[in-house]
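Take a look at the structure below.
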Amino acid sequence: MTAHKVLRKAARSTRRQEYSASTKRALVEVATELFTERGYAGTSLDEIVAGARVTKGALYHHFSGKQALFEAVFENVEEDASKAIRRAVHTNRDPWDRALGGLRSFLAVVQEPGYRRIVIQEGPAVLGYERYREQEERSTFGIVQDIVSGVLSTYDVSPSMVETFSRVFFGAMSAAGSAVSTAEDTARASAEVEAAIAFILAGLRQQAEAGGELPHPETMDVVGLDDPDDPADDASEEDEDVV
């Protein structure tokens, strides 16, 4: 094969790849618009391929069906949200300001129509709870870990406790996001969530700057349980009997 034929074959291959990529991108973009406006159940594949100006064969070349296409849309929306939050986080050097910046960006994201409909409202039902949580953790849990690691850097905290704090805050943020996105007044709900979490962060910051320490699991007593070897517990029981 001559060099000219090789180059021509490579050019055809590149054009096919570019066309394939643009077709897939068009399908995801149209599906995103329709899923946002009408929801998963209210959107048909015929409407999607018509909007993207492709055939159903082209759709099935890229996706096994409607649910697979929704998952691609979900991942795309989550990725865009993660990028926006990361940009907000990295515009600040102070870890506490980074935390607040990430919080505000997240609360802005969950008010967007596409995120509200596709991720919050449709995601759990279409993907199933386990798959939904996997996707959510893959896209945003790492951001929460980075933020928590930063604000806890002044404390003597083990990696396992950083993981625990991250899980707790991730769960709280997920619940807060759902509450804001489904509220009648999303702006007010967002402001209330920001105020509540900012209050918690302010307390942690004040304690850190005052040289305070976080409690360690090894030094904490389980609330409501008496230590059988603690004489103080026996004494208190005897006092109760006397009374």
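To be explicit about the labels: the chains of the structure tokens are called A, B, and onward in the order shown, and within each one the residues are counted from 1, while ligands get numbers from 1 in the order they are shown.
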Please tabulate, as a tab-separated table, the residues of range 97-120 of chain A that come within 9 Å of range 37-55 of chain A, each with its closest pair of atoms and the distance in Å to one decimal, counting only C-alpha atoms and ordering rows by chain, then residue number upward.
residue	atom	partner	partner_atom	distance
A:Pro113	CA	A:Glu37	CA	8.6
A:Gly114	CA	A:Glu37	CA	8.4
A:Arg117	CA	A:Gly39	CA	7.0
A:Ile118	CA	A:Gly39	CA	7.5
Residue subset to file, keeping all heavy atoms, as a compact mmCIF listing (two decimals), in the first residue's frame:
# COMPACT_ATOMS: atom_id res chain seq x y z
N PRO A 113 -32.10 23.44 36.97
CA PRO A 113 -33.17 22.53 36.54
C PRO A 113 -32.68 21.15 36.10
O PRO A 113 -33.28 20.13 36.45
CB PRO A 113 -33.81 23.29 35.38
CG PRO A 113 -33.52 24.73 35.66
CD PRO A 113 -32.16 24.74 36.29
N GLY A 114 -31.58 21.11 35.34
CA GLY A 114 -31.07 19.84 34.85
C GLY A 114 -30.62 18.94 35.98
O GLY A 114 -30.91 17.73 36.00
N ARG A 117 -33.72 17.74 38.16
CA ARG A 117 -34.58 16.72 37.54
C ARG A 117 -33.83 15.41 37.32
O ARG A 117 -34.31 14.33 37.68
CB ARG A 117 -35.11 17.25 36.20
CG ARG A 117 -36.17 16.35 35.56
CD ARG A 117 -37.42 16.28 36.42
NE ARG A 117 -38.47 15.46 35.84
CZ ARG A 117 -39.48 15.95 35.12
NH1 ARG A 117 -39.54 17.26 34.87
NH2 ARG A 117 -40.42 15.17 34.67
N ILE A 118 -32.64 15.49 36.73
CA ILE A 118 -31.94 14.27 36.31
C ILE A 118 -31.24 13.56 37.47
O ILE A 118 -31.35 12.34 37.62
CB ILE A 118 -30.93 14.62 35.19
CG1 ILE A 118 -31.69 15.03 33.93
CG2 ILE A 118 -30.00 13.43 34.90
CD1 ILE A 118 -30.83 15.65 32.86
Where does DSSP see alpha helix (DSSP H) in range 7-126 of chain A, if you list the residues as a ChimeraX atom specification? /A:7-38,45-52,56-62,66-90,95-109,113-114,123-126
Produce a table with one row for each residue of range 29-90 of chain A that has an atom at most 9 Å from any atom of range 121-128 of chain A, each row naming the nearest atom pair and its distance in Å at one decimal; use only C-alpha atoms; arrange rows by chain and rising residue number; format as JSON lines.
{"residue": "A:Phe35", "atom": "CA", "partner": "A:Glu122", "partner_atom": "CA", "distance": 8.8}
{"residue": "A:Gly39", "atom": "CA", "partner": "A:Glu122", "partner_atom": "CA", "distance": 7.1}
{"residue": "A:Tyr40", "atom": "CA", "partner": "A:Glu122", "partner_atom": "CA", "distance": 6.9}
{"residue": "A:Gln67", "atom": "CA", "partner": "A:Val126", "partner_atom": "CA", "distance": 7.2}
{"residue": "A:Phe70", "atom": "CA", "partner": "A:Val126", "partner_atom": "CA", "distance": 8.1}
{"residue": "A:Glu71", "atom": "CA", "partner": "A:Leu127", "partner_atom": "CA", "distance": 7.3}
{"residue": "A:Phe74", "atom": "CA", "partner": "A:Gly123", "partner_atom": "CA", "distance": 7.3}
Measure the distance from CA of Asp156 in chain A to CA of Leu204 in chain A in Å and round it to one decimal.
->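 Separation of CA of Asp156 in chain A and CA of Leu204 in chain A: 13.5 Å.
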Have a look at A:Glu78, A:Tyr155, A:Thr186, A:Ala208 and name the one nearest to Arg138 in chain A; count only C-alpha atoms.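 The shortest atom-to-atom distance to Arg138 in chain A comes from A:Glu78.
Using only C-alpha atoms, the nearest neighbour of Arg98 in chain A within the list A:Gly150, A:Glu163, A:Gly211, A:His62 is A:Gly150.
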Original post:
Nearest to Ser139 in chain A: which of A:Ser181, A:Asn76, A:Thr23, A:Ser166 is it, counting only C-alpha atoms?
Top reply: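 Distance minimum relative to Ser139 in chain A lands on A:Asn76.
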